[in-house]
Amino acid sequence: MTRRRLLAAAALALAGLVHAAPPSPRLAAQLKAQADRWDRAILAKDRAAIEANMADDFRQIDARGNVEPKAGFVDDLVSPDLQLDPYTVEDFEVRVYGDTALLSGRTRMTGRYQGRAFNTHYRYIDIYVRRGGAWKIVSVQISPMPD
């Protein structure tokens, strides 16, 4: 799916013209397992496994509204400056709009950055697109939640 088609699908969804079909239990389980593998790869700092889940045109929108392309996002995750503690996802949900899937949830993430401890609580949405039969993440956006 081209970027233009993805944006058009998102606009239609927001306008209420495209309705999320409840994903089949099989597809929901597949996407959940894929998201879980990606989380484990991030914790393990496994660059190859992280990148294998991502589309080349991936973009992250962080809590401050900054846009980070794939290379910078992955570099930040595997940096020795960042140490993440294991985390869990709560309120996980999968919505499917044709070849686009929205995976959302919330998490509390703790760890250290450059030796300094941090504790964050945020909601996120991961946007996956099916291309050539494979689901790839094209965008992540996070929103901080109050403590």
# chains A, B, ... in the order shown; residues from 1 in each chain; ligands from 1
>>> select_by_dssp(residues="chain A", states="strand (DSSP E or B)", output="number ranges by chain")
A: 21, 54-61, 67-69, 82-84, 89-97, 100-113, 116-131, 134-144
>>> select_by_dssp(residues="chain A", states="helix (DSSP H, G or I)", output="PyMOL selection string")
chain A and resi 3-14+25-44+47-52+70-78
>>> write_last_selection(atoms="N, CA and C atoms", output="compact mmCIF listing (two decimals), in the first residue's frame")
# COMPACT_ATOMS: atom_id res chain seq x y z
N ARG A 3 1.95 5.21 0.43
CA ARG A 3 1.71 6.18 1.51
C ARG A 3 0.41 6.93 1.26
N ARG A 4 0.17 7.28 0.00
CA ARG A 4 -1.06 8.00 -0.35
C ARG A 4 -2.29 7.16 -0.02
N ARG A 5 -2.27 5.85 -0.34
CA ARG A 5 -3.41 4.99 -0.03
C ARG A 5 -3.58 4.83 1.47
N LEU A 6 -2.48 4.73 2.21
CA LEU A 6 -2.55 4.61 3.66
C LEU A 6 -3.19 5.87 4.26
N LEU A 7 -2.77 7.03 3.80
CA LEU A 7 -3.36 8.27 4.30
C LEU A 7 -4.83 8.38 3.93
N ALA A 8 -5.17 7.95 2.73
CA ALA A 8 -6.58 7.98 2.32
C ALA A 8 -7.40 7.03 3.18
N ALA A 9 -6.88 5.84 3.47
CA ALA A 9 -7.60 4.88 4.32
C ALA A 9 -7.79 5.45 5.72
N ALA A 10 -6.75 6.10 6.25
CA ALA A 10 -6.86 6.69 7.58
C ALA A 10 -7.90 7.81 7.58
N ALA A 11 -7.90 8.63 6.54
CA ALA A 11 -8.87 9.73 6.47
C ALA A 11 -10.30 9.19 6.38
N LEU A 12 -10.49 8.14 5.59
CA LEU A 12 -11.82 7.55 5.49
C LEU A 12 -12.25 6.94 6.83
N ALA A 13 -11.32 6.31 7.50
CA ALA A 13 -11.65 5.71 8.79
C ALA A 13 -12.08 6.79 9.77
N LEU A 14 -11.35 7.89 9.78
CA LEU A 14 -11.70 8.99 10.68
C LEU A 14 -13.04 9.60 10.32
N PRO A 25 -10.32 -14.28 14.91
CA PRO A 25 -9.47 -14.67 16.05
C PRO A 25 -8.06 -15.07 15.60
N ARG A 26 -7.98 -15.69 14.44
CA ARG A 26 -6.67 -16.10 13.93
C ARG A 26 -5.80 -14.90 13.60
N LEU A 27 -6.36 -13.89 12.91
CA LEU A 27 -5.59 -12.69 12.57
C LEU A 27 -5.23 -11.91 13.82
N ALA A 28 -6.15 -11.77 14.74
CA ALA A 28 -5.86 -11.06 16.00
C ALA A 28 -4.71 -11.74 16.74
N ALA A 29 -4.74 -13.06 16.80
CA ALA A 29 -3.68 -13.81 17.48
C ALA A 29 -2.35 -13.65 16.74
N GLN A 30 -2.40 -13.66 15.41
CA GLN A 30 -1.19 -13.49 14.60
C GLN A 30 -0.55 -12.13 14.85
N LEU A 31 -1.36 -11.09 14.84
CA LEU A 31 -0.84 -9.74 15.05
C LEU A 31 -0.35 -9.55 16.49
N LYS A 32 -1.05 -10.13 17.45
CA LYS A 32 -0.60 -10.06 18.85
C LYS A 32 0.74 -10.76 19.01
N ALA A 33 0.88 -11.94 18.42
CA ALA A 33 2.14 -12.67 18.50
C ALA A 33 3.27 -11.89 17.84
N GLN A 34 2.98 -11.27 16.71
CA GLN A 34 3.99 -10.47 16.02
C GLN A 34 4.41 -9.28 16.87
N ALA A 35 3.45 -8.62 17.50
CA ALA A 35 3.76 -7.49 18.38
C ALA A 35 4.57 -7.96 19.59
N ASP A 36 4.22 -9.11 20.15
CA ASP A 36 4.97 -9.65 21.29
C ASP A 36 6.41 -9.98 20.90
N ARG A 37 6.60 -10.55 19.70
CA ARG A 37 7.97 -10.86 19.22
C ARG A 37 8.77 -9.57 19.06
N TRP A 38 8.11 -8.51 18.57
CA TRP A 38 8.79 -7.23 18.39
C TRP A 38 9.21 -6.66 19.74
N ASP A 39 8.31 -6.75 20.73
CA ASP A 39 8.67 -6.28 22.08
C ASP A 39 9.87 -7.05 22.62
N ARG A 40 9.88 -8.37 22.44
CA ARG A 40 11.02 -9.17 22.92
C ARG A 40 12.31 -8.79 22.18
N ALA A 41 12.21 -8.53 20.88
CA ALA A 41 13.39 -8.13 20.11
C ALA A 41 13.92 -6.79 20.60
N ILE A 42 13.01 -5.87 20.94
CA ILE A 42 13.42 -4.56 21.46
C ILE A 42 14.15 -4.74 22.79
N LEU A 43 13.60 -5.57 23.68
CA LEU A 43 14.27 -5.80 24.97
C LEU A 43 15.64 -6.45 24.79
N ALA A 44 15.75 -7.33 23.80
CA ALA A 44 17.00 -8.04 23.54
C ALA A 44 17.98 -7.21 22.70
N ARG A 47 18.73 -6.08 16.61
CA ARG A 47 18.50 -5.17 15.48
C ARG A 47 17.82 -5.86 14.31
N ALA A 48 18.30 -7.03 13.94
CA ALA A 48 17.72 -7.73 12.77
C ALA A 48 16.25 -8.06 12.99
N ALA A 49 15.90 -8.53 14.18
CA ALA A 49 14.50 -8.88 14.46
C ALA A 49 13.63 -7.62 14.56
N ILE A 50 14.17 -6.55 15.11
CA ILE A 50 13.42 -5.29 15.18
C ILE A 50 13.11 -4.82 13.77
N GLU A 51 14.13 -4.76 12.94
CA GLU A 51 13.97 -4.25 11.57
C GLU A 51 13.10 -5.15 10.72
N ALA A 52 13.11 -6.46 10.97
CA ALA A 52 12.31 -7.40 10.17
C ALA A 52 10.82 -7.13 10.30
N LYS A 70 12.91 5.27 10.45
CA LYS A 70 13.29 3.92 10.86
C LYS A 70 14.72 3.84 11.39
N ALA A 71 15.67 4.35 10.65
CA ALA A 71 17.08 4.20 11.05
C ALA A 71 17.35 4.80 12.43
N GLY A 72 16.88 6.01 12.65
CA GLY A 72 17.10 6.66 13.94
C GLY A 72 16.37 5.97 15.07
N PHE A 73 15.16 5.51 14.80
CA PHE A 73 14.36 4.79 15.80
C PHE A 73 15.10 3.53 16.24
N VAL A 74 15.57 2.75 15.29
CA VAL A 74 16.27 1.50 15.62
C VAL A 74 17.59 1.81 16.32
N ASP A 75 18.33 2.79 15.81
CA ASP A 75 19.60 3.15 16.46
C ASP A 75 19.38 3.51 17.93
N ASP A 76 18.32 4.25 18.21
CA ASP A 76 18.02 4.63 19.60
C ASP A 76 17.70 3.40 20.46
N LEU A 77 16.95 2.45 19.89
CA LEU A 77 16.57 1.26 20.65
C LEU A 77 17.76 0.38 21.00
N VAL A 78 18.70 0.26 20.09
CA VAL A 78 19.83 -0.65 20.32
C VAL A 78 21.04 0.05 20.94
>>> closest_residue(among="A:Asp56, A:Asp126, A:Glu68, A:Asp81", to="Ile142 (chain A)", atoms="only C-alpha atoms")
A:Asp126
>>> closest_residue(among="A:Arg59, A:Asn53, A:Asn119, A:Gln114", to="Arg131 (chain A)", atoms="only C-alpha atoms")
A:Asn53
>>> residues_around(residues="Phe92 (chain A)", least_positions_apart="6", cutoff="10 Å", atoms="only C-alpha atoms", output="MDAnalysis selection string")
chainID A and resid 32 103:107 123:125
>>> write_last_selection(atoms="N, CA and C atoms", output="JSON list (two decimals), in the first residue's frame")
[["chain", "number", "residue", "atom", "x", "y", "z"],
["A", 32, "LYS", "N", -1.05, -10.13, 17.45],
["A", 32, "LYS", "CA", -0.60, -10.06, 18.85],
["A", 32, "LYS", "C", 0.74, -10.76, 19.01],
["A", 103, "LEU", "N", -2.94, -1.50, 16.20],
["A", 103, "LEU", "CA", -2.70, -2.21, 17.44],
["A", 103, "LEU", "C", -2.43, -1.16, 18.50],
["A", 104, "SER", "N", -3.19, -1.19, 19.57],
["A", 104, "SER", "CA", -3.03, -0.17, 20.59],
["A", 104, "SER", "C", -3.04, -0.79, 21.97],
["A", 105, "GLY", "N", -2.53, -0.03, 22.91],
["A", 105, "GLY", "CA", -2.50, -0.47, 24.30],
["A", 105, "GLY", "C", -1.84, 0.60, 25.14],
["A", 106, "ARG", "N", -1.51, 0.21, 26.35],
["A", 106, "ARG", "CA", -0.77, 1.12, 27.22],
["A", 106, "ARG", "C", 0.26, 0.32, 27.99],
["A", 107, "THR", "N", 1.29, 0.98, 28.40],
["A", 107, "THR", "CA", 2.36, 0.30, 29.13],
["A", 107, "THR", "C", 3.05, 1.27, 30.07],
["A", 123, "ARG", "N", 0.13, 5.55, 26.40],
["A", 123, "ARG", "CA", -0.69, 4.82, 25.43],
["A", 123, "ARG", "C", 0.04, 4.89, 24.10],
["A", 124, "TYR", "N", -0.17, 3.88, 23.31],
["A", 124, "TYR", "CA", 0.48, 3.86, 22.00],
["A", 124, "TYR", "C", -0.48, 3.31, 20.96],
["A", 125, "ILE", "N", -0.16, 3.61, 19.73],
["A", 125, "ILE", "CA", -0.83, 2.98, 18.61],
["A", 125, "ILE", "C", 0.24, 2.62, 17.59]]
>>> atom_distance(atom1="CA of Ala55 (chain A)", atom2="CA of Ile127 (chain A)")
10.6 Å
>>> atom_distance(atom1="CA of Asp62 (chain A)", atom2="CA of Gly133 (chain A)")
28.4 Å
>>> atom_distance(atom1="CA of Asp85 (chain A)", atom2="CA of Asp46 (chain A)")
15.0 Å
>>> closest_residue(among="A:His121, A:Arg130, A:Arg116, A:Lys45", to="Gly98 (chain A)", atoms="only C-alpha atoms")
A:Arg130
>>> closest_residue(among="A:Ile61, A:Met54, A:Ala117, A:Val94", to="Trp135 (chain A)", atoms="only C-alpha atoms")
A:Met54
